[in-house]
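Asks: Structure provided below as C-alpha cells; questions to follow.
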Amino acid sequence: MPLEPLPASREPGLVLRDEDRTLLSTLASDLRRHWQRARSSHFEAAEMVDLRMFVRGLADTCAQAAGFALAGQAQALDTALREAGWSGKRPDPARAQALGERVEALAAALSQSASTGRTPESASMTVAASAPASAPRVFLVDSEPAQAKFLSLQLAAQGYAAESFVDWDALVHAMASRQPAALIADIDAPHGVFGGADQVSELRRAGKLLCPVLFLSARADSRTKLIALRAGGVGYFVKPVAAPELATRLGELISHQEPAPYRVVMVDDDRAFLELQSSRLQAAGFEVKALSNPLGVLEAAQGFEPDVFVLDLYMPEADGCELTRLIHEEPQFANTPVMLLSGESDPTAHARVIVAGAVDVIVKPADPVRFIERVRARAMQYRQNFSRARRPDRADTVTGLLTMAQFTEALEARLAHPREAEGALSALLYVSLGGYLDWSKRLDAARLEQVRTRIARVISERQQGNDIVGWDNAGRVIISTRQPDLPNLQSYARALIDAIGGVELSDLGPGPRLVPSIGVCRADAGPVHGLIGDAAQLAAQQAREAGAGVRLQPLLVSSSAPDLEEQRRWHSIINDAIREHRLFLVYQPITNLLVADRSEWNEVLLRMRDASGQTLLPGQFLPVAAKFGLDRLLDRWVVSRALRGLDARQQDHPGTVFFVKLGTASVADPSFPEWLRQMLGKVTIRPRSCVFQFSQATVLAQFERCSTLAQAVREIGQAVAIEHFDGQSDALLRVSALLPNFVKLDRAITQQLAAEPARQTQIRELVRKLKEGGAAVIAAYIEDAQSLGVLWQAQVELVQGNFVQQPDEVIQHQVTS
C-alpha cells in the first residue's frame, strides 16, 4: 500500500536585520540587470553562464541571510536556467518568457522581503537543490530547520540529493518508503539533550535504520562524542559544519551508491537455531546466506561478498577456529570479520578464538537485540575500513589535497572505469596560480603555509562530490571533474577563478594578488600525463595572452548535447549486444608456408549482429565505440572470451595458438596489465599460446605504454605481436625496441607483389632485419596466389588472408605440407 504524502507544515518567515534588508534590495536590482543583459544579447552562452553564476551565489547568500524560502526559489531558478541551456541552444520565445517570469517573481520576492523586513514562509520539509537522478540520497534532521535546509543546499552542490526534516515522525515515515544512503542527525533533535541519539538507537533496535549515521552537535566535549558513538554514529561534526568536509566523509561511507543491505554468511549445524537467528537478521534488513554444512562456507561466500561471517564454535566437521583460519587464508576474505557463537562462557576458549583471528564471541542463547547490534557493528566497521582502504591517502598535510603522484593514480583508476561517467562530460582543469611563486620567495615556511591553506580552502568549498583534486608546491592545482554539460563546466571554472582571485593575502605583507589561469580539456581516456600536458598548455597560453581566465580545448568546445545523446545511444547498443549475446568471435587461420605444421594458429576477430540479425564488420561499429570510450569494454570482452575458448580448445588440441588484438585504449589503460594477470589466473593455457597484438600506430603514439604492457605480457608467459607494420625506418626502430615475438606486415606492402619487383626486394630485406631481431614474420591480407609465391621466396613463413581462408565462427584449421 503506498504511503500517503506528508503534509508540509509551514515555517514562519524570518525577521531580517537592516543590513540584510539592504542586501536583498541590491540583489533584486542585480538580478534584473543580469537578466536584462542576457536577454539583450539574445541569450549568448557567456551571458547565460554569468546569469547562472549570479543566481547560484544568490541562493547561497539567501540561505545564510534570509532563510530557505528565498534560497529555494533561487535554487529553482538555477535549475530552470540549467535545463534551458542543456541542449546548447538559445531558449525559444516561450521558454524565454517563462524564465523571465521566474526571474521577476524572485526579484519581486527579494524586494518585498527588503521592504517588509520579513522573509516568506517556507515548507518545513523539502528536497534541497536538484541533483542527478543517480545522486546518493541523504536525510537530515536538525533542531534548527533553517540550518539543515542550508546544509542540504550545499550538499546538493556536492552531488547529493538531500532532504531535510524537522521531526523524527516525518523522517521515519520517509524511511519506510525508501532508505537513504546516509542519515545526518542533530544529536539533540528534535528536543532535549541527546534526543537525536536516543531516536537513532531506538530505530536501530527496531531494524528501521540500516544506513550509516553522522551526528551534528554544537558541543565538542568527549561525553557527547561518546554518546554519539554508543548510538551507532560513524562520524561527528561540530557546528557550523563545512559542507565539503561532510561530503568527503559521506563519500567514504557510501561511495556514491545507494546503500546495499549488510551481507552475512552464517554457519551452524543446529538447524533450528540457524533458522531462528538468520530470520531475525533478515527481518532487521540483512541479506543472509545460512549453511548447516561448515565445509561449504567458502563456496557460499564466493560472489556473495559478505561483510561478516557468523560461525558456530563447535561443529562435527570443522570447528569455528579452523573455519576462521580457512576463511582468512583466502585473499578476498583476509580482512572480513568473523564472529563466533559459543554455548559456553569459558574465557580460555574465547581466548583461543581471538588467537585464531575471530573478532568477537557471542554466548548462546544470544539476546536478539544485542546479537543484531553486534553483527551490524562489525559489518558497518568492515565497510567503512574497506571504503577508506580504496581511497587515496591525502598526504599533503597543509592543503588536505592529493599530491601529484596520488592524483595521477586516482585519475588513472577513474579512466579505467569509463562506464561510471556514462552521460557526463568528463574534464580536466589545470589551474596555474600566477603570483604564487612570488609569494613563495617572499615568505617563510610558516606564512607560506597560510597562503596554501587559504587557496585550498576556497577550492575545497567549491569542490563537488565526484571531483579529484591534486596540488603541488609550485603553485599548480589539477582537478578532474564530471559535469552534466558544457555550461555547467564553464560556470564551475569561472567560480574557481573568482574564488581564487579573491583570496586575501594583504595581511601577510606586500605582494601580488593571485592570478588564476585555467586550462580545460576533455578527460575521457588516458594517458594521464598526456591529458595533464594538454590542460597545462592551455593554462599557460591563457596566462601568457590574457592573464586570469579560462581557456577551453577546441575539442571540448565542439562537444555538444547531440554528442552526449549519441554516446548514450551507443552505450545502450553495445551493452544490449553483450546482454543479448549478439557479440561473437570468428577465427582466421595463420598458416605456415615453410614447414608442415599440425598446430592451430588463429587470429581472434570480433563481430556483432544488429537487432535484425545482420552481421556487422568491425569497421561499422569499432570507430564509433572508440570515439565514445567503449573500446576498452569491447577489448576486455574479447580477451576474456578468447582466453576461455583457448583453455577449452587446448584440452583436445594442445597446439592451439590465438592472436588477440588490443586497441589503443587498452594499451593506455594502466589497470589493464593487472586485469590481464587476473584473467590468466582463471584459465589454464600453455605458455606463449596467446599472442597479444598492438598496431604500429599504437606503438608510435604510446611507445612507453606499449613497452610496459609488452613486458607484462612476457612476464605472465605469453607473447607479443605488432600488426599493420609498414616497414618505414622510424617504425622499424620503435618496433624492434619492443622485441616482439611476431611482426605482421601491413597490406600496403603485401598486396599485388608479383607486379612490383622493387617491393619484392624491399620485403626480403625487411624480413631479414626482423628475423635478426628475433621476430617471426606474418604476411597479412593475402588475396592472390602470385603474392603467396613471392612471400614464400622471401622466406616469410606465416601468412594470413582471405585467399588462404576466410574468418569463420568455427575453427577450421588447414594443415599445409
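Residues in the C-alpha cells are numbered from 1 in each chain, the chains being A, B, ... in the order shown, and ligands are numbered from 1 in the order shown.
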Residues near A:Tyr382, anyone? I mean within 12 Å using only C-alpha atoms, not counting same-chain ones fewer than 3 positions away, as a ChimeraX atom specification.

Replies: /A:253,262-264,305-309,333-338,359,375-379,385-389

Asks: Write out as a VMD selection string the residues lying within 9 Å of A:Arg32, counting only C-alpha atoms and excluding same-chain residues fewer than 3 positions away.

Replies: chain A and resid 27 to 29 35 to 37 103 to 104 107

Asks: Hey, what's within 10 Å of stretch 310-315 of chain A if we count only C-alpha atoms and toss same-chain stuff fewer than 6 positions away? As a VMD selection string, please?

Replies: chain A and resid 264 to 270 274 290 to 294 297 321 to 324 337 to 344 349 to 350 353 358 360 to 362 364 375

Asks: Can you spit out the residues from that selection as a tab-separated table (two decimals), in the first residue's frame, using N, CA, C and O atoms?

Replies:
chain	number	residue	atom	x	y	z
A	264	VAL	N	25.62	-11.30	5.36
A	264	VAL	CA	26.12	-12.18	6.41
A	264	VAL	C	26.11	-13.62	5.92
A	264	VAL	O	25.11	-14.08	5.36
A	265	VAL	N	27.23	-14.32	6.09
A	265	VAL	CA	27.25	-15.78	5.92
A	265	VAL	C	27.23	-16.38	7.32
A	265	VAL	O	28.11	-16.10	8.14
A	266	MET	N	26.20	-17.19	7.60
A	266	MET	CA	26.01	-17.76	8.93
A	266	MET	C	26.05	-19.28	8.84
A	266	MET	O	25.39	-19.88	7.98
A	267	VAL	N	26.88	-19.92	9.69
A	267	VAL	CA	27.06	-21.37	9.66
A	267	VAL	C	26.81	-21.94	11.06
A	267	VAL	O	27.45	-21.50	12.03
A	268	ASP	N	25.90	-22.91	11.16
A	268	ASP	CA	25.62	-23.59	12.44
A	268	ASP	C	24.99	-24.93	12.12
A	268	ASP	O	24.08	-25.00	11.28
A	269	ASP	N	25.47	-26.02	12.78
A	269	ASP	CA	24.90	-27.33	12.50
A	269	ASP	C	23.57	-27.55	13.22
A	269	ASP	O	22.87	-28.53	12.95
A	270	ASP	N	23.20	-26.64	14.12
A	270	ASP	CA	21.89	-26.69	14.76
A	270	ASP	C	20.89	-25.97	13.85
A	270	ASP	O	20.81	-24.74	13.84
A	274	LEU	N	19.90	-22.02	13.65
A	274	LEU	CA	20.32	-21.34	12.42
A	274	LEU	C	19.13	-20.63	11.77
A	274	LEU	O	19.23	-19.46	11.38
A	290	ALA	N	22.56	-18.84	4.90
A	290	ALA	CA	22.60	-19.71	6.06
A	290	ALA	C	23.00	-21.12	5.64
A	290	ALA	O	22.43	-21.67	4.69
A	291	LEU	N	24.00	-21.70	6.33
A	291	LEU	CA	24.51	-23.03	5.99
A	291	LEU	C	24.56	-23.89	7.25
A	291	LEU	O	24.98	-23.42	8.31
A	292	SER	N	24.18	-25.15	7.09
A	292	SER	CA	24.35	-26.10	8.18
A	292	SER	C	25.61	-26.94	7.98
A	292	SER	O	26.06	-27.62	8.90
A	293	ASN	N	26.19	-26.90	6.78
A	293	ASN	CA	27.41	-27.65	6.47
A	293	ASN	C	28.60	-26.70	6.47
A	293	ASN	O	28.75	-25.87	5.57
A	294	PRO	N	29.48	-26.76	7.45
A	294	PRO	CA	30.59	-25.80	7.54
A	294	PRO	C	31.57	-25.90	6.38
A	294	PRO	O	32.23	-24.91	6.04
A	297	VAL	N	31.40	-23.28	3.35
A	297	VAL	CA	31.41	-21.84	3.63
A	297	VAL	C	32.12	-21.04	2.54
A	297	VAL	O	31.64	-19.97	2.15
A	321	CYS	N	37.20	-22.18	14.95
A	321	CYS	CA	38.57	-21.69	14.83
A	321	CYS	C	39.21	-22.15	13.53
A	321	CYS	O	39.90	-21.39	12.83
A	322	GLU	N	38.98	-23.42	13.17
A	322	GLU	CA	39.52	-23.94	11.91
A	322	GLU	C	38.92	-23.21	10.72
A	322	GLU	O	39.62	-22.85	9.76
A	323	LEU	N	37.61	-22.98	10.77
A	323	LEU	CA	36.95	-22.27	9.67
A	323	LEU	C	37.46	-20.83	9.57
A	323	LEU	O	37.61	-20.30	8.46
A	324	THR	N	37.72	-20.20	10.70
A	324	THR	CA	38.23	-18.83	10.67
A	324	THR	C	39.57	-18.77	9.93
A	324	THR	O	39.79	-17.90	9.07
A	337	PRO	N	35.57	-9.72	8.79
A	337	PRO	CA	35.45	-10.12	10.19
A	337	PRO	C	34.70	-11.44	10.35
A	337	PRO	O	33.77	-11.73	9.61
A	338	VAL	N	35.14	-12.22	11.32
A	338	VAL	CA	34.50	-13.48	11.68
A	338	VAL	C	34.05	-13.40	13.13
A	338	VAL	O	34.85	-13.08	14.02
A	339	MET	N	32.75	-13.68	13.39
A	339	MET	CA	32.20	-13.73	14.74
A	339	MET	C	31.83	-15.17	15.04
A	339	MET	O	31.29	-15.87	14.17
A	340	LEU	N	32.09	-15.60	16.27
A	340	LEU	CA	31.82	-16.99	16.65
A	340	LEU	C	30.74	-17.06	17.72
A	340	LEU	O	30.68	-16.21	18.63
A	341	LEU	N	29.90	-18.09	17.62
A	341	LEU	CA	28.84	-18.36	18.58
A	341	LEU	C	29.26	-19.54	19.43
A	341	LEU	O	29.68	-20.57	18.91
A	342	SER	N	29.17	-19.38	20.76
A	342	SER	CA	29.62	-20.43	21.66
A	342	SER	C	28.55	-20.71	22.71
A	342	SER	O	27.90	-19.77	23.21
A	343	GLY	N	28.38	-21.99	23.04
A	343	GLY	CA	27.43	-22.36	24.08
A	343	GLY	C	28.00	-22.27	25.46
A	343	GLY	O	27.31	-22.54	26.45
A	344	GLU	N	29.25	-21.89	25.61
A	344	GLU	CA	29.87	-21.79	26.92
A	344	GLU	C	30.55	-20.44	27.07
A	344	GLU	O	30.86	-19.76	26.09
A	349	ALA	N	38.49	-20.67	26.32
A	349	ALA	CA	38.02	-20.99	24.96
A	349	ALA	C	37.90	-19.73	24.12
A	349	ALA	O	38.23	-19.72	22.93
A	350	HIS	N	37.44	-18.64	24.74
A	350	HIS	CA	37.29	-17.40	24.00
A	350	HIS	C	38.64	-16.82	23.58
A	350	HIS	O	38.78	-16.24	22.50
A	353	VAL	N	39.76	-18.45	20.51
A	353	VAL	CA	39.03	-17.93	19.36
A	353	VAL	C	39.69	-16.66	18.82
A	353	VAL	O	39.87	-16.49	17.61
A	358	ALA	N	39.28	-14.52	15.05
A	358	ALA	CA	37.91	-14.01	15.15
A	358	ALA	C	37.92	-12.66	15.87
A	358	ALA	O	38.84	-12.35	16.63
A	360	ASP	N	35.03	-11.44	17.58
A	360	ASP	CA	34.02	-11.37	18.63
A	360	ASP	C	33.51	-12.76	18.94
A	360	ASP	O	33.54	-13.66	18.10
A	361	VAL	N	33.05	-12.95	20.19
A	361	VAL	CA	32.42	-14.20	20.61
A	361	VAL	C	31.08	-13.85	21.24
A	361	VAL	O	31.00	-12.98	22.12
A	362	ILE	N	30.02	-14.48	20.78
A	362	ILE	CA	28.68	-14.28	21.32
A	362	ILE	C	28.25	-15.56	22.00
A	362	ILE	O	28.27	-16.64	21.39
A	364	LYS	N	25.71	-18.22	23.46
A	364	LYS	CA	24.33	-18.65	23.29
A	364	LYS	C	23.68	-18.87	24.67
A	364	LYS	O	24.38	-19.28	25.61
A	375	VAL	N	26.36	-7.77	15.26
A	375	VAL	CA	26.63	-8.15	13.87
A	375	VAL	C	26.64	-6.91	12.98
A	375	VAL	O	27.53	-6.74	12.12

Asks: Do a neighbour search on A:Ile574 at 9 Å with only C-alpha atoms, toss out local chain neighbours closer than 6 positions, and write the hits as number ranges by chain.

Replies: A: 583, 625, 630, 634

Asks: Rank nothing, just name the residue among A:Ala228, A:Leu246, A:Ala446, A:Met48 nearest to A:Gln463, using only C-alpha atoms.

Replies: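 Distance minimum relative to A:Gln463 lands on A:Leu246.
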
Asks: Just to confirm, what's the straight-line distance from atom CA of A:Leu433 to atom CA of A:Ile500 in Å (one decimal)?

Replies: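 Result for atom CA of A:Leu433 versus atom CA of A:Ile500: 8.5 Å, one decimal.
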
Asks: May I ask for the distance between atom CA of A:Arg370 and atom CA of A:His173, given in Å to one decimal place?

Replies: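 We find that atom CA of A:Arg370 and atom CA of A:His173 lie 25.2 Å from each other.
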
Asks: Can you pull out every residue within 8 Å of A:Trp439, counting only C-alpha atoms, but drop anything in the same chain fewer than 2 positions away, and send it as an MDAnalysis selection string?

Replies: chainID A and resid 435:437 441:443 448 511:512

Asks: What would the file look like if the residues just selected were written as a PDB file, in the first residue's frame with C-alpha atoms?

Replies:
ATOM      1  CA  GLY A 435      51.819  35.232  -8.304  1.00  0.00           C
ATOM      2  CA  TYR A 436      52.208  32.189  -6.071  1.00  0.00           C
ATOM      3  CA  LEU A 437      55.909  31.737  -6.801  1.00  0.00           C
ATOM      4  CA  LYS A 441      60.127  33.754  -2.405  1.00  0.00           C
ATOM      5  CA  ARG A 442      58.916  36.480  -0.001  1.00  0.00           C
ATOM      6  CA  LEU A 443      57.528  34.385   2.872  1.00  0.00           C
ATOM      7  CA  LEU A 448      53.605  30.321   3.065  1.00  0.00           C
ATOM      8  CA  GLY A 511      52.871  41.038  -2.631  1.00  0.00           C
ATOM      9  CA  PRO A 512      50.823  40.436  -5.785  1.00  0.00           C
TER      10      PRO A 512
END

Asks: Among stretch 299-370 of chain A, which residues carry a DSSP assignment of alpha helix (DSSP H), reported as a ChimeraX atom specification?

Replies: /A:299-301,320-329,347-356,368-370

Asks: Can you tell me which residues surround A:Gln553 at a distance of at most 8 Å, considering only C-alpha atoms, apart from same-chain residues fewer than 4 positions away, and format the answer as JSON, numbers by chain?

Replies: {"A": [519, 520, 521, 522, 535, 538, 557]}

Asks: Could you save the residues just selected, with N, CA, C and O atoms, as a PDB file, in the first residue's frame?

Replies:
ATOM      1  N   GLY A 519      43.287  26.001 -17.729  1.00  0.00           N
ATOM      2  CA  GLY A 519      43.153  25.293 -18.991  1.00  0.00           C
ATOM      3  C   GLY A 519      42.260  24.083 -18.785  1.00  0.00           C
ATOM      4  O   GLY A 519      42.434  23.343 -17.809  1.00  0.00           O
ATOM      5  N   VAL A 520      41.309  23.885 -19.690  1.00  0.00           N
ATOM      6  CA  VAL A 520      40.321  22.806 -19.526  1.00  0.00           C
ATOM      7  C   VAL A 520      40.334  21.927 -20.771  1.00  0.00           C
ATOM      8  O   VAL A 520      40.203  22.431 -21.897  1.00  0.00           O
ATOM      9  N   CYS A 521      40.483  20.615 -20.561  1.00  0.00           N
ATOM     10  CA  CYS A 521      40.435  19.683 -21.690  1.00  0.00           C
ATOM     11  C   CYS A 521      39.529  18.501 -21.342  1.00  0.00           C
ATOM     12  O   CYS A 521      39.238  18.248 -20.170  1.00  0.00           O
ATOM     13  N   ARG A 522      39.093  17.800 -22.362  1.00  0.00           N
ATOM     14  CA  ARG A 522      38.301  16.585 -22.134  1.00  0.00           C
ATOM     15  C   ARG A 522      39.185  15.529 -21.491  1.00  0.00           C
ATOM     16  O   ARG A 522      40.379  15.455 -21.753  1.00  0.00           O
ATOM     17  N   ALA A 535      46.082  20.166 -20.776  1.00  0.00           N
ATOM     18  CA  ALA A 535      45.447  21.199 -19.962  1.00  0.00           C
ATOM     19  C   ALA A 535      46.463  22.251 -19.524  1.00  0.00           C
ATOM     20  O   ALA A 535      46.157  23.451 -19.485  1.00  0.00           O
ATOM     21  N   LEU A 538      47.127  24.744 -22.275  1.00  0.00           N
ATOM     22  CA  LEU A 538      46.033  25.712 -22.400  1.00  0.00           C
ATOM     23  C   LEU A 538      46.127  26.773 -21.311  1.00  0.00           C
ATOM     24  O   LEU A 538      45.911  27.960 -21.561  1.00  0.00           O
ATOM     25  N   VAL A 557      34.988  22.458 -26.750  1.00  0.00           N
ATOM     26  CA  VAL A 557      34.013  23.440 -27.208  1.00  0.00           C
ATOM     27  C   VAL A 557      33.104  22.842 -28.275  1.00  0.00           C
ATOM     28  O   VAL A 557      31.905  23.101 -28.323  1.00  0.00           O
TER      29      VAL A 557
END

Asks: Between A:Val624, A:Ala413, A:Glu600, A:Asn592, which residue has the minimum interatomic distance to A:Ile573, considering only C-alpha atoms?

Replies: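 Smallest separation from A:Ile573 among the options: A:Val624.
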
Asks: Which residue, A:Phe725, A:Gly233, A:Pro807, A:Lys771, has the smallest gap to A:Tyr587 when you use only C-alpha atoms?

Replies: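 Result for the nearest residue to A:Tyr587: A:Pro807.
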
Asks: Nearest to A:Gly235 among A:Arg462, A:Arg551, A:Arg249, A:Arg205, with distances taken over only C-alpha atoms: which residue is it?

Replies: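 Between A:Arg462, A:Arg551, A:Arg249, A:Arg205, the residue approaching A:Gly235 most closely is A:Arg249.
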